[in-house]
Structure formats: C-alpha cells, structure tokens
Number of protein chains: 2
Amino acid sequence: MKLGDLGEFGLINRLSRDLINRPGEVVRGIGDDAAILNLEGPWWLLFTTDMLVEGVHFSLDYATPAQVGIKSVSVNVSDIAAMGGWAAHGVVSLGLPARLSVEEVEELYRGIRQAAGEYGLNIVGGDTVLCPERLVINLALVGFVEKGRAVCRGGARVGDLIYVTGSLGKSAAGLYLCRHPDLTVDPGVAAFLKQAHLEPRARLRAGRVLSRAGVTAMDDVSDGLAAELREICLASGVGCRVRARDIPVDHRVVVVAALAACDPLDWAFSGGEDFELVFTVPPDTARNVEEMLAAAGEECRCIGEITPADKGVVLELPGGRCVPLEARGYDHFAP
Amino acid sequence: MKLGDLGEFGLINRLSRDLINRPGEVVRGIGDDAAILNLEGPWWLLFTTDMLVEGVHFSLDYATPAQVGIKSVSVNVSDIAAMGGWAAHGVVSLGLPARLSVEEVEELYRGIRQAAGEYGLNIVGGDTVLCPERLVINLALVGFVEKGRAVCRGGARVGDLIYVTGSLGKSAAGLYLCRHPDLTVDPGVAAFLKQAHLEPRARLRAGRVLSRAGVTAMDDVSDGLAAELREICLASGVGCRVRARDIPVDHRVVVVAALAACDPLDWAFSGGEDFELVFTVPPDTARNVEEMLAAAGEECRCIGEITPADKGVVLELPGGRCVPLEARGYDHFAP
C-alpha cells in the first residue's frame, strides 16, 4: 500500500500501538499536542517533537535561514503552549546539505537563539549531520505543567463555548504573498502578513493563563481551524457549531484575499500555521477566562459552542444556514 | 565558508553559544552524550537526540527497515547509557519518501517497537512528514539518573585505568561484509558481524552499573575508540596511553580483516558504531568495578591508563614503541 493511500492520520494509527513499556509513567502518550509524563514532585513533564523539511514546510527562496530557525522553535513551543505548559529545554537536529555555507547555518541558529530567548527556552543539545538534498530541522522539546493542569483535546463538553486567540488566516495570506511576489499590495501589509507566515510565534503566555483558568480542551491551530475543531470533537466525543461571522480575520487578510480572489474564511479554516490557540470553556467560567486573558494582554473571541456528537461539526453561514465543516476544502460546500 | 572547511566539531563550537536562558536548570548542556537537567526530587533528567539519514548513516540496500528502526533507537539509548542513566521516553520523527510503502514504514516501526521493548523505553509521540529523496529518522530521548551519579566525559584523572566493555571492530567488519557481499566468509561469521553493524544494541545495563560503581568518565564508542579517547582526554584535561595488545577484538573480526587486507585494530580505533562503553576508574576501585560488571553479566577489559596532558594521547604498539593515536586514520602511523 502506498503512503498516499493511507494518509498521515491513518499511518499514525497503524504505527502507534504497543509502544508503551512503562505504562505507570505515562499520563498521556501519542495523540495530543505533547505527551504528558509523570515525575516526582508537583510537575508533569511534557515532551514533543516536530520536523521541518525544506521544500515541504519552508522554502529558502523566500524564507531567510533565521526565519526558518524561528519557525522551527515556534512550531514546537506551540505544542507545549497548547497543553498549557511552559517550554524548558530543547534539542536540535540539523540535516545539512553541503551547499549551505557556514554563515547560513549560523544565521539559522541565530533564529533559533532569538526564538529560544523569547520563549525562555534552553537549547541543551543536538545533532548535526549531512543530508544532501534538503535542509531538515528537527526540534524536540520538554516542558512542564502543574500536575492536573495539562489541557488535552478530549475534555470538551456539550454546552462549552469555543474560543480562539488572536486572528486566523494571516499565515495563509503571507504564504500567498510569498508565492505571488508580483501582487500589488501595500508594502506594510505585505511585510506584516509575510512575517506572520515566516516568523510565527507561539501563544505560550496565553496557554499558561488558560491552563489556570479552567478551560476544558485546547489545541494549537497548526493545520487550520477546521482540522483542529475536528480533532477536539473526535477526542471529546462531541460535535460543534461555529459561526462564520465570528471567526476573527484581520482586515489585511481580507484585503489580500480579495486581490487573490480567495475566500479569507478558507484561509482561516484550512490555511493553518497561525499557531493561535482554540479552546473550550464552560459558559459559567467564560467571563473569567476572557478577563484573565485580557489581563495578560491576550485577545480571544467566542466563535461557537460544543454540541452533541450526532450534530456533527458544522459551520453556521452568515444567512443562518448550517453546513458541514470539512477539515479540508472549505470551498467545496460554500453556498 | 563551506561546511566541509569547518567540520562538524568546529561548526558545533560556533553554534552552541548563548543558548541557555534558564541557567539554574541546566547541570550540563551541549558537549556531552546527553544534557543533564535539574528536576525536583532525587533524579536528574537526561536529554539527547540523534538523526539518521538514508545513504549517510544507513542503506536500505543491505539494512531492512526493521534494522534501521532498531539502530535509530540504539544510537540514542547509547547516549543515555554513556551518562549512566536509564532511558524512559522517546519521540520519533520520520521524514518519509513517497516511494516507501506502508508496509515498509510498519516494518521500520516494528524495529523501533522491538528495541524500545528491550530497553524498557516508552515511545510517546512523534511527527511524520514527507521527505522526498531520503528516509530521515530522528529520535529524541529523555532518561533519568540519580542526582550526582551522571558520568560525564570530563572526570578522568591522571592514574585512572581505562576500560572498554565488550569488543570493538565488529560493526566495521559487518559494514565491510555488507559492502562486499562476494567475499567468501563462513555464513555464521558473516551473519554475526552484519547483525552487529545493522542491529547494534546499547550497553544500557552496563552504564547503570558503572554509574553506581564510581567510574570517573565515560563515553559510548559511536565514532571509534580513538575519537572517544580524545574526547575524554580533551574534556578532562589529561592524556592517555592505551596498549594495542589489550584492545578487545573478536576473533571473527580478525578473520574478516585478514580476508579484506585490513588492520582489525584500525576498525577498532576508527570504525565506530560499536556502541560499547569506554570508561575510566581510579586504580583502587578497579577491582570492584570489574566484579560489579561481571555480576551483571557484562564484560570489560583494561586497555590503558590516564596520563598527564603533556604526554598526549598515545598508543603503545606490541613491540613497546609509543605512537600518537590519531582520531582518524590509525593506518598513517602504523609501524
């Protein structure tokens, strides 16, 4: 069978059985943003890894090596943020083509160093090997979270409100601009959106606040909002209804989408790599969560609510009609 | 500057500055087999990562996917073993070419699963991405060691005895046989040596015993004995003298080396990937260390002693003459 016939999700399901040999030490293994592991003392250990491959996850045609370094740290930190933890220590593996110069690798590490500094993260080790065709960067991170405070995907309950931090679609709009350098856009808008794509930042502070505020489920928006909502609903055994009119989309994304003849909501739902947090909250604590986030200088928006599983994952269009929210290809069921 | 002009060691030195943002949590960062990190309670956390690239670290022409899986786990566990710790949790990143079948990836994971089972290790997460040309496997491992019991490279003292576990050169001999399938060798010998190369095992149990037995410095033999001795001497600020006649080399390695017109000691010193442990012991505890290892069913051999730094890193040839032990190319100074 070819890998393409099974897909990433199907493959992981096949591979991930019988991998736990000391079950007493694992609070949560494969299947969330990060694994949760038992430790002595008041903390759980969080453990995650992400691999970025040149030409698949980034292109040196429009990203600088430093931007690739920043992104490689942020995508990993975002997994820790989505569990409500703090990022402590990372190890970096680099597969380097011989065509790269020492200066380019130093520039890559300058980005890693900058991002690690922003997140208060230590880089404590790594491996540097030859990889002839493509630059490959793998980070693995450990973080910590107070025992009992980790936020998983599977905790959403019927009636919970669904929120998202920041705004969505910026990364997809930035990618579009990177790929269409001839599009005539205000330089400030272009720079803002490209930076959102090329140098994403993880919502580490928001995640910490939310783990203390009593949210029931959380995920980072790495694969697009639709995919993350489906993951939360699948893991929690629930459905959801989100309102198109409440999805936060920056006005600059709307401008570029119009020029590109794209739907900005498609970018929000399927673009991915925004690294915002999507989370669920019981209605009676929603006000408290909003206030705690605001006090930390973080924005959020209520976009819908959790429903029984048999209602499915649906999008309420501006006219009131509800359509199934596909994990990919929002275009297919647009009115 | 090209990467080849600087080399791996020079590159890592350039990159590894200013990467620690919470120094109080780091006992030891970049520069040993694994990082040592502070935790509450009686344990330190160990953290390491290794990346294997198809065509660079292994070839699917003679390794099965399961063997690649075993090797990817063992090279990482060996780093934990060399610190005296136990391996607890791993995360696996796979960069997969689309040409691989689902069955081949399952076979790879069968090897990972088997090795994880042998080492009592949990695989708790991972990432699976496209990497068009080459299979890339990255493991990151966390382990634990009793506080104060981690064995670093830098603890060797003048007068300490140098030991190595098991025997050396098997992996290099096995690689030679993989690359020269037409060489006429006893099938049992060929199978034994190829397995040593393709399915190495880490000396996790020996490392645990040695951390309790009071060894002063330790390293795993991943890059060849000469390179590991140089690392221990550099980190400890000492020199060493090892005796050619005491280097443990399996008789099957000697047989294949003769057929290949190679020097078996060259394989022992420069072949690498044997994943034995080389360690140093004060003379008055040497007997105790030998007995503790023997009680655990592990072999070791005394191969020399630590000398003052100004004596250099030298090899005593069978006739008694001493020559500098180069990290690569033992051939160059053979008598």
# chains A, B, ... in the order shown; residues from 1 in each chain; ligands from 1
>>> residues_around(residues="Arg230 (chain A)", least_positions_apart="5", cutoff="12 Å", atoms="only C-alpha atoms", output="PyMOL selection string")
chain A and resi 153-154+156+218-219+221+223-225+235-242+269-270+278+306+309+312-315+324-328
>>> residues_around(residues="Gln67 (chain B)", least_positions_apart="2", cutoff="6 Å", atoms="only C-alpha atoms", output="ChimeraX atom specification")
/B:63-65,69-70,111,198-199
>>> write_last_selection(atoms="N, CA and C atoms", output="PDB file, in the first residue's frame")
ATOM      1  N   ALA B  63      20.279  -2.950   4.736  1.00  0.00           N
ATOM      2  CA  ALA B  63      19.564  -2.976   6.017  1.00  0.00           C
ATOM      3  C   ALA B  63      18.070  -3.092   5.742  1.00  0.00           C
ATOM      4  N   THR B  64      17.376  -3.912   6.524  1.00  0.00           N
ATOM      5  CA  THR B  64      15.919  -3.939   6.432  1.00  0.00           C
ATOM      6  C   THR B  64      15.375  -2.725   7.178  1.00  0.00           C
ATOM      7  N   PRO B  65      14.153  -2.291   6.864  1.00  0.00           N
ATOM      8  CA  PRO B  65      13.576  -1.176   7.631  1.00  0.00           C
ATOM      9  C   PRO B  65      13.541  -1.462   9.136  1.00  0.00           C
ATOM     10  N   GLY B  69      15.141   0.747  12.215  1.00  0.00           N
ATOM     11  CA  GLY B  69      14.395   1.136  13.406  1.00  0.00           C
ATOM     12  C   GLY B  69      15.143   0.782  14.685  1.00  0.00           C
ATOM     13  N   ILE B  70      15.684  -0.432  14.734  1.00  0.00           N
ATOM     14  CA  ILE B  70      16.455  -0.856  15.913  1.00  0.00           C
ATOM     15  C   ILE B  70      17.652   0.066  16.112  1.00  0.00           C
ATOM     16  N   GLY B 111      10.814  -2.503  14.181  1.00  0.00           N
ATOM     17  CA  GLY B 111      12.152  -2.440  14.764  1.00  0.00           C
ATOM     18  C   GLY B 111      12.212  -1.472  15.938  1.00  0.00           C
ATOM     19  N   LEU B 198      24.195  -3.862  11.780  1.00  0.00           N
ATOM     20  CA  LEU B 198      22.861  -3.431  11.362  1.00  0.00           C
ATOM     21  C   LEU B 198      21.884  -3.323  12.527  1.00  0.00           C
ATOM     22  N   GLU B 199      22.128  -4.080  13.578  1.00  0.00           N
ATOM     23  CA  GLU B 199      21.209  -4.079  14.727  1.00  0.00           C
ATOM     24  C   GLU B 199      21.989  -3.883  16.023  1.00  0.00           C
TER      25      GLU B 199
END
>>> interface_residues(of="chain B", to="chain A", cutoff="6 Å", atoms="only C-alpha atoms", output="JSON list (two decimals) with N, CA and C atoms, in the first residue's frame")
[["chain", "number", "residue", "atom", "x", "y", "z"],
["B", 1, "MET", "N", 32.11, 30.56, 3.97],
["B", 1, "MET", "CA", 32.91, 29.37, 4.27],
["B", 1, "MET", "C", 32.06, 28.12, 4.08],
["B", 2, "LYS", "N", 32.66, 27.08, 3.49],
["B", 2, "LYS", "CA", 31.92, 25.84, 3.28],
["B", 2, "LYS", "C", 31.90, 25.01, 4.57],
["B", 3, "LEU", "N", 30.84, 24.22, 4.71],
["B", 3, "LEU", "CA", 30.73, 23.38, 5.90],
["B", 3, "LEU", "C", 31.92, 22.44, 6.02],
["B", 19, "LEU", "N", 22.81, 29.82, 24.22],
["B", 19, "LEU", "CA", 21.59, 29.06, 24.00],
["B", 19, "LEU", "C", 20.89, 28.71, 25.31],
["B", 20, "ILE", "N", 21.44, 29.17, 26.43],
["B", 20, "ILE", "CA", 20.87, 28.84, 27.74],
["B", 20, "ILE", "C", 20.21, 30.09, 28.32],
["B", 21, "ASN", "N", 18.91, 30.03, 28.51],
["B", 21, "ASN", "CA", 18.17, 31.17, 29.05],
["B", 21, "ASN", "C", 17.71, 30.98, 30.49],
["B", 29, "GLY", "N", 24.99, 21.29, 29.63],
["B", 29, "GLY", "CA", 24.31, 21.50, 28.35],
["B", 29, "GLY", "C", 25.03, 20.79, 27.22],
["B", 30, "ILE", "N", 25.21, 21.49, 26.12],
["B", 30, "ILE", "CA", 25.86, 20.91, 24.95],
["B", 30, "ILE", "C", 27.29, 20.49, 25.30],
["B", 35, "ALA", "N", 22.39, 15.97, 27.60],
["B", 35, "ALA", "CA", 22.30, 17.09, 28.53],
["B", 35, "ALA", "C", 21.79, 16.58, 29.88],
["B", 40, "GLU", "N", 12.96, 18.64, 40.40],
["B", 40, "GLU", "CA", 12.70, 18.42, 41.82],
["B", 40, "GLU", "C", 12.78, 16.92, 42.09],
["B", 41, "GLY", "N", 13.16, 16.57, 43.30],
["B", 41, "GLY", "CA", 13.23, 15.14, 43.64],
["B", 41, "GLY", "C", 14.63, 14.58, 43.44],
["B", 49, "THR", "N", 19.41, 13.61, 21.43],
["B", 49, "THR", "CA", 18.77, 13.38, 20.14],
["B", 49, "THR", "C", 19.80, 12.95, 19.11],
["B", 50, "ASP", "N", 19.38, 12.12, 18.15],
["B", 50, "ASP", "CA", 20.24, 11.70, 17.05],
["B", 50, "ASP", "C", 19.39, 11.55, 15.81],
["B", 101, "SER", "N", 6.57, 2.06, 1.01],
["B", 101, "SER", "CA", 5.22, 1.53, 1.17],
["B", 101, "SER", "C", 4.82, 1.62, 2.64],
["B", 102, "VAL", "N", 3.54, 1.54, 2.88],
["B", 102, "VAL", "CA", 3.04, 1.49, 4.25],
["B", 102, "VAL", "C", 3.67, 0.31, 4.99],
["B", 113, "ARG", "N", 9.75, -0.62, 17.83],
["B", 113, "ARG", "CA", 8.96, -1.23, 18.90],
["B", 113, "ARG", "C", 9.77, -2.31, 19.63],
["B", 120, "GLY", "N", 13.08, -1.15, 27.68],
["B", 120, "GLY", "CA", 12.07, -0.70, 28.63],
["B", 120, "GLY", "C", 11.69, 0.75, 28.45],
["B", 121, "LEU", "N", 11.69, 1.17, 27.19],
["B", 121, "LEU", "CA", 11.51, 2.58, 26.81],
["B", 121, "LEU", "C", 10.09, 2.79, 26.30],
["B", 122, "ASN", "N", 9.46, 3.91, 26.63],
["B", 122, "ASN", "CA", 8.18, 4.29, 26.04],
["B", 122, "ASN", "C", 8.42, 5.18, 24.82],
["B", 123, "ILE", "N", 7.70, 4.90, 23.73],
["B", 123, "ILE", "CA", 7.65, 5.86, 22.61],
["B", 123, "ILE", "C", 6.33, 6.61, 22.78],
["B", 124, "VAL", "N", 6.41, 7.91, 23.05],
["B", 124, "VAL", "CA", 5.23, 8.66, 23.49],
["B", 124, "VAL", "C", 4.76, 9.71, 22.50],
["B", 125, "GLY", "N", 5.42, 9.81, 21.35],
["B", 125, "GLY", "CA", 4.96, 10.80, 20.39],
["B", 125, "GLY", "C", 5.86, 10.84, 19.19],
["B", 126, "GLY", "N", 5.52, 11.72, 18.26],
["B", 126, "GLY", "CA", 6.35, 11.81, 17.07],
["B", 126, "GLY", "C", 5.76, 12.74, 16.05],
["B", 127, "ASP", "N", 6.39, 12.73, 14.91],
["B", 127, "ASP", "CA", 5.96, 13.56, 13.79],
["B", 127, "ASP", "C", 6.27, 12.76, 12.53]]
>>> residues_around(residues="Glu291 (chain B)", least_positions_apart="6", cutoff="12 Å", atoms="only C-alpha atoms", output="list in words")
Ala206, Val209, Leu210, Ala213, Thr285, Gly297, Glu298, Glu299, Cys300 and Arg301 of chain B
>>> calpha_fit_and_write(fixed="chain A", moving="chain B", output="compact mmCIF listing (two decimals) with C-alpha atoms, in the first residue's frame")
# COMPACT_ATOMS: atom_id res chain seq x y z
CA MET B 1 0.08 -0.06 0.04
CA LYS B 2 1.34 3.42 -0.80
CA LEU B 3 1.70 6.03 1.92
CA GLY B 4 -0.61 8.37 0.00
CA ASP B 5 -3.43 5.78 0.13
CA LEU B 6 -3.38 5.69 3.91
CA GLY B 7 -2.60 9.32 4.81
CA GLU B 8 -0.72 10.64 7.80
CA PHE B 9 -3.51 10.03 10.29
CA GLY B 10 -4.12 6.46 9.17
CA LEU B 11 -0.40 5.72 9.25
CA ILE B 12 0.05 7.05 12.77
CA ASN B 13 -2.88 4.92 13.95
CA ARG B 14 -1.20 1.83 12.52
CA LEU B 15 2.20 2.59 13.99
CA SER B 16 1.31 3.80 17.45
CA ARG B 17 0.29 0.55 19.14
CA ASP B 18 2.44 -1.33 21.67
CA LEU B 19 4.97 1.43 22.21
CA ILE B 20 4.53 1.85 25.97
CA ASN B 21 6.70 -0.37 28.16
CA ARG B 22 6.37 1.50 31.46
CA PRO B 23 2.69 2.49 31.49
CA GLY B 24 2.78 3.82 35.04
CA GLU B 25 4.96 6.72 33.92
CA VAL B 26 2.73 7.85 31.05
CA VAL B 27 -0.23 10.13 31.77
CA ARG B 28 -0.88 10.62 28.06
CA GLY B 29 1.10 9.18 25.13
CA ILE B 30 0.64 9.57 21.39
CA GLY B 31 -2.47 11.49 20.34
CA ASP B 32 -2.22 15.01 21.76
CA ASP B 33 -0.02 18.03 21.08
CA ALA B 34 2.57 16.71 23.52
CA ALA B 35 2.98 13.61 25.66
CA ILE B 36 2.37 14.00 29.40
CA LEU B 37 4.77 12.05 31.64
CA ASN B 38 4.83 11.51 35.35
CA LEU B 39 7.58 12.94 37.55
CA GLU B 40 8.15 13.10 41.27
CA GLY B 41 7.11 16.46 42.66
CA PRO B 42 4.43 18.95 41.58
CA TRP B 43 5.08 18.93 37.81
CA TRP B 44 4.27 16.75 34.85
CA LEU B 45 6.81 16.55 32.03
CA LEU B 46 5.62 17.49 28.51
CA PHE B 47 7.50 16.08 25.51
CA THR B 48 7.02 16.90 21.83
CA THR B 49 8.89 16.91 18.53
CA ASP B 50 8.42 18.41 15.05
CA MET B 51 10.41 18.00 11.87
CA LEU B 52 10.59 20.66 9.14
CA VAL B 53 11.80 19.70 5.66
CA GLU B 54 13.00 22.22 3.07
CA GLY B 55 10.63 22.38 0.11
CA VAL B 56 7.87 20.73 2.15
CA HIS B 57 7.47 23.01 5.20
CA PHE B 58 9.50 26.00 4.09
CA SER B 59 11.38 27.36 1.10
CA LEU B 60 14.70 29.15 1.25
CA ASP B 61 13.50 31.00 -1.87
CA TYR B 62 11.52 33.35 0.37
CA ALA B 63 12.44 32.49 3.95
CA THR B 64 15.80 33.51 5.39
CA PRO B 65 17.66 30.84 7.38
CA ALA B 66 16.98 32.88 10.54
CA GLN B 67 13.25 32.79 9.83
CA VAL B 68 13.41 29.02 9.38
CA GLY B 69 15.14 28.83 12.76
CA ILE B 70 12.43 30.93 14.42
CA LYS B 71 9.70 28.84 12.84
CA SER B 72 11.27 25.54 13.88
CA VAL B 73 11.25 26.67 17.51
CA SER B 74 7.77 28.18 17.38
CA VAL B 75 6.02 25.13 15.93
CA ASN B 76 7.40 23.04 18.79
CA VAL B 77 6.74 25.60 21.52
CA SER B 78 3.19 25.89 20.19
CA ASP B 79 2.61 22.22 21.07
CA ILE B 80 3.69 22.91 24.65
CA ALA B 81 1.50 26.05 24.71
CA ALA B 82 -1.50 24.00 23.57
CA MET B 83 -1.08 21.76 26.65
CA GLY B 84 -0.94 24.77 28.97
CA GLY B 85 2.71 24.21 29.86
CA TRP B 86 5.92 26.16 29.75
CA ALA B 87 8.78 25.25 27.42
CA ALA B 88 11.99 24.40 29.27
CA HIS B 89 14.62 22.59 27.18
CA GLY B 90 15.12 21.75 23.51
CA VAL B 91 17.49 19.66 21.40
CA VAL B 92 18.05 20.49 17.73
CA SER B 93 18.96 18.07 14.93
CA LEU B 94 20.10 19.56 11.65
CA GLY B 95 20.39 17.63 8.40
CA LEU B 96 22.54 19.95 6.30
CA PRO B 97 23.14 19.92 2.55
CA ALA B 98 26.81 20.57 1.75
CA ARG B 99 25.75 23.52 -0.46
CA LEU B 100 24.85 25.56 2.65
CA SER B 101 27.56 27.89 3.88
CA VAL B 102 28.72 28.13 7.47
CA GLU B 103 27.23 31.63 7.49
CA GLU B 104 23.80 30.32 6.48
CA VAL B 105 23.86 27.71 9.25
CA GLU B 106 24.94 30.39 11.73
CA GLU B 107 22.04 32.52 10.51
CA LEU B 108 19.67 29.60 11.06
CA TYR B 109 20.98 29.27 14.60
CA ARG B 110 20.62 33.01 15.11
CA GLY B 111 16.88 32.50 14.53
CA ILE B 112 16.80 29.51 16.89
CA ARG B 113 18.68 31.55 19.50
CA GLN B 114 16.34 34.54 19.14
CA ALA B 115 13.18 32.44 19.46
CA ALA B 116 14.60 30.41 22.36
CA GLY B 117 15.36 33.69 24.12
CA GLU B 118 11.83 34.98 23.60
CA TYR B 119 10.30 31.80 25.00
CA GLY B 120 12.79 31.50 27.86
CA LEU B 121 13.86 28.14 26.48
CA ASN B 122 17.25 26.43 26.83
CA ILE B 123 18.79 24.69 23.81
CA VAL B 124 20.82 21.97 25.52
CA GLY B 125 21.99 19.66 22.77
CA GLY B 126 21.66 18.46 19.24
CA ASP B 127 23.01 16.55 16.33
CA THR B 128 24.44 17.88 13.07
CA VAL B 129 24.56 15.53 10.10
CA LEU B 130 24.81 15.58 6.32
CA CYS B 131 21.55 15.49 4.36
CA PRO B 132 22.50 16.03 0.71
CA GLU B 133 19.37 17.39 -0.96
CA ARG B 134 17.38 19.23 1.69
CA LEU B 135 17.79 21.12 4.90
CA VAL B 136 15.96 19.14 7.60
CA ILE B 137 15.43 20.60 11.08
CA ASN B 138 14.09 18.57 13.95
CA LEU B 139 13.42 20.02 17.36
CA ALA B 140 12.37 18.06 20.39
CA LEU B 141 11.18 19.98 23.44
CA VAL B 142 10.45 19.18 27.03
CA GLY B 143 8.27 21.43 29.11
CA PHE B 144 6.45 21.30 32.40
CA VAL B 145 2.91 21.81 33.60
CA GLU B 146 1.39 21.65 37.09
CA LYS B 147 0.00 18.18 37.75
CA GLY B 148 -3.68 18.10 36.86
CA ARG B 149 -3.44 21.33 34.85
CA ALA B 150 -2.50 19.97 31.41
CA VAL B 151 -5.22 20.72 28.85
CA CYS B 152 -5.89 17.89 26.42
CA ARG B 153 -8.03 17.76 23.30
CA GLY B 154 -10.55 15.36 24.76
CA GLY B 155 -12.13 17.45 27.55
CA ALA B 156 -14.78 19.47 25.68
CA ARG B 157 -18.34 19.03 26.97
CA VAL B 158 -21.71 19.76 25.38
CA GLY B 159 -22.59 23.40 26.02
CA ASP B 160 -18.99 24.60 26.32
CA LEU B 161 -18.19 27.76 24.40
CA ILE B 162 -15.45 27.66 21.74
CA TYR B 163 -12.86 30.44 21.62
CA VAL B 164 -9.86 31.25 19.52
CA THR B 165 -6.98 33.59 20.37
CA GLY B 166 -5.78 36.35 18.03
CA SER B 167 -6.90 36.09 14.42
CA LEU B 168 -6.70 33.49 11.67
CA GLY B 169 -5.62 33.38 8.04
CA LYS B 170 -2.58 35.66 8.37
CA SER B 171 -0.14 32.82 7.70
CA ALA B 172 -2.02 31.64 4.60
CA ALA B 173 -2.22 35.20 3.30
CA GLY B 174 1.51 35.65 3.93
CA LEU B 175 2.29 32.40 2.10
CA TYR B 176 0.19 33.58 -0.83
CA LEU B 177 2.19 36.80 -0.95
CA CYS B 178 5.50 34.90 -0.79
CA ARG B 179 4.40 32.80 -3.74
CA HIS B 180 3.00 35.76 -5.72
CA PRO B 181 5.63 38.48 -5.35
CA ASP B 182 4.14 40.41 -8.29
CA LEU B 183 0.82 41.06 -6.53
CA THR B 184 0.48 44.78 -5.87
CA VAL B 185 -0.13 45.21 -2.14
CA ASP B 186 0.68 47.94 0.35
CA PRO B 187 4.26 47.18 1.46
CA GLY B 188 3.35 47.44 5.15
CA VAL B 189 0.52 44.94 4.70
CA ALA B 190 2.76 42.57 2.75
CA ALA B 191 5.53 42.77 5.33
CA PHE B 192 3.10 42.15 8.20
CA LEU B 193 1.51 39.09 6.59
CA LYS B 194 4.75 37.58 5.31
CA GLN B 195 6.24 37.92 8.76
CA ALA B 196 3.18 36.16 10.22
CA HIS B 197 3.90 33.24 7.89
CA LEU B 198 7.69 33.18 8.03
CA GLU B 199 8.26 34.03 11.69
CA PRO B 200 5.26 32.68 13.57
CA ARG B 201 5.15 32.97 17.34
CA ALA B 202 3.55 30.49 19.71
CA ARG B 203 0.91 31.62 22.23
CA LEU B 204 2.90 30.36 25.19
CA ARG B 205 1.69 33.02 27.65
CA ALA B 206 -1.95 32.58 26.63
CA GLY B 207 -1.66 28.81 27.05
CA ARG B 208 -0.31 29.23 30.58
CA VAL B 209 -3.16 31.56 31.52
CA LEU B 210 -5.74 29.21 30.02
CA SER B 211 -4.44 26.15 31.87
CA ARG B 212 -5.03 28.02 35.14
CA ALA B 213 -8.37 29.46 34.03
CA GLY B 214 -10.15 26.13 33.76
CA VAL B 215 -10.54 25.57 30.02
CA THR B 216 -11.73 22.07 29.15
CA ALA B 217 -9.95 21.36 25.83
CA MET B 218 -7.29 23.10 23.77
CA ASP B 219 -5.34 22.73 20.54
CA ASP B 220 -3.00 24.95 18.56
CA VAL B 221 -4.07 25.98 15.08
CA SER B 222 -1.28 24.35 13.12
CA ASP B 223 -3.36 22.59 10.44
CA GLY B 224 -6.21 25.10 10.11
CA LEU B 225 -9.15 25.75 12.40
CA ALA B 226 -11.40 23.17 10.74
CA ALA B 227 -8.91 20.34 11.33
CA GLU B 228 -8.31 21.38 14.95
CA LEU B 229 -12.06 21.59 15.69
CA ARG B 230 -12.49 18.10 14.24
CA GLU B 231 -9.67 16.80 16.45
CA ILE B 232 -11.19 18.31 19.59
CA CYS B 233 -14.65 16.95 18.70
CA LEU B 234 -13.32 13.48 17.85
CA ALA B 235 -11.23 13.27 21.02
CA SER B 236 -14.06 14.62 23.20
CA GLY B 237 -16.89 12.63 21.60
CA VAL B 238 -18.88 15.77 20.81
CA GLY B 239 -19.91 17.96 17.88
CA CYS B 240 -19.68 21.72 17.44
CA ARG B 241 -21.24 24.66 15.67
CA VAL B 242 -19.10 27.67 14.80
CA ARG B 243 -20.38 30.94 13.36
CA ALA B 244 -18.69 32.21 10.18
CA ARG B 245 -19.38 35.82 11.17
CA ASP B 246 -17.42 35.46 14.42
CA ILE B 247 -14.23 33.95 13.01
CA PRO B 248 -11.55 36.59 13.69
CA VAL B 249 -9.90 37.57 10.41
CA ASP B 250 -7.54 40.53 10.22
CA HIS B 251 -8.63 43.25 7.76
CA ARG B 252 -5.27 42.91 5.96
CA VAL B 253 -6.07 39.25 5.28
CA VAL B 254 -9.39 40.32 3.79
CA VAL B 255 -7.63 42.82 1.52
CA VAL B 256 -5.14 40.28 0.18
CA ALA B 257 -7.80 37.59 -0.22
CA ALA B 258 -9.84 39.99 -2.36
CA LEU B 259 -6.82 40.68 -4.59
CA ALA B 260 -6.10 36.97 -4.81
CA ALA B 261 -9.75 36.08 -5.50
CA CYS B 262 -9.65 33.77 -2.49
CA ASP B 263 -12.09 33.41 0.39
CA PRO B 264 -10.46 34.70 3.59
CA LEU B 265 -12.53 32.22 5.62
CA ASP B 266 -11.00 29.41 3.58
CA TRP B 267 -7.59 30.63 4.70
CA ALA B 268 -8.80 30.79 8.30
CA PHE B 269 -10.29 27.29 8.25
CA SER B 270 -7.79 25.45 6.08
CA GLY B 271 -4.64 27.55 5.78
CA GLY B 272 -3.03 26.51 9.03
CA GLU B 273 0.23 27.64 10.66
CA ASP B 274 -1.39 30.53 12.52
CA PHE B 275 -0.38 28.90 15.83
CA GLU B 276 -3.26 30.54 17.64
CA LEU B 277 -4.99 28.52 20.36
CA VAL B 278 -8.52 27.17 20.01
CA PHE B 279 -10.11 26.17 23.33
CA THR B 280 -13.38 25.33 25.01
CA VAL B 281 -14.82 26.79 28.22
CA PRO B 282 -17.90 26.05 30.31
CA PRO B 283 -20.29 29.04 29.93
CA ASP B 284 -20.15 29.94 33.61
CA THR B 285 -16.37 30.42 33.55
CA ALA B 286 -16.19 32.11 30.15
CA ARG B 287 -16.21 35.64 31.55
CA ASN B 288 -13.41 34.79 33.94
CA VAL B 289 -11.31 33.29 31.13
CA GLU B 290 -11.83 36.37 28.96
CA GLU B 291 -10.76 38.65 31.81
CA MET B 292 -7.70 36.60 32.69
CA LEU B 293 -6.55 36.59 29.06
CA ALA B 294 -7.19 40.32 28.71
CA ALA B 295 -5.21 40.99 31.88
CA ALA B 296 -2.31 39.11 30.28
CA GLY B 297 -2.61 41.24 27.14
CA GLU B 298 -4.02 38.42 25.02
CA GLU B 299 -7.09 38.61 22.79
CA CYS B 300 -9.73 35.96 22.25
CA ARG B 301 -13.07 35.64 20.50
CA CYS B 302 -16.01 33.27 21.10
CA ILE B 303 -16.72 31.56 17.78
CA GLY B 304 -19.31 28.93 18.65
CA GLU B 305 -20.27 26.14 21.00
CA ILE B 306 -19.93 22.44 21.62
CA THR B 307 -22.95 20.31 20.65
CA PRO B 308 -23.83 16.62 20.96
CA ALA B 309 -21.82 14.31 18.72
CA ASP B 310 -24.77 13.52 16.46
CA LYS B 311 -24.99 17.17 15.40
CA GLY B 312 -21.61 16.86 13.69
CA VAL B 313 -19.06 19.61 13.10
CA VAL B 314 -20.95 22.42 11.41
CA LEU B 315 -20.44 25.97 10.25
CA GLU B 316 -23.24 28.51 10.57
CA LEU B 317 -23.08 30.76 7.49
CA PRO B 318 -23.93 34.49 7.73
CA GLY B 319 -27.49 33.85 6.48
CA GLY B 320 -28.10 31.30 9.25
CA ARG B 321 -27.79 28.16 7.12
CA CYS B 322 -25.58 25.41 8.63
CA VAL B 323 -23.20 23.31 6.53
CA PRO B 324 -20.77 20.55 7.50
CA LEU B 325 -17.32 21.95 8.23
CA GLU B 326 -14.88 19.84 6.24
CA ALA B 327 -11.35 19.57 7.59
CA ARG B 328 -10.05 20.54 4.15
CA GLY B 329 -11.63 22.35 1.26
CA TYR B 330 -14.03 24.79 2.86
CA ASP B 331 -14.71 25.93 -0.73
CA HIS B 332 -16.62 22.76 -1.54
CA PHE B 333 -19.62 23.62 0.61
CA ALA B 334 -19.67 27.40 0.25
CA PRO B 335 -23.19 28.61 -0.56
>>> select_by_dssp(residues="region 63-290 of chain A", states="alpha helix (DSSP H)", output="ChimeraX atom specification")
/A:65-81,102-119,170-179,187-198,204-213,225-236,251-260,264-266,283-290
>>> select_by_dssp(residues="region 20-247 of chain A", states="strand (DSSP E)", output="VMD selection string")
chain A and resid 26 to 28 35 to 37 43 to 53 86 to 96 122 to 130 136 to 146 161 to 165 217 to 220 238 to 243
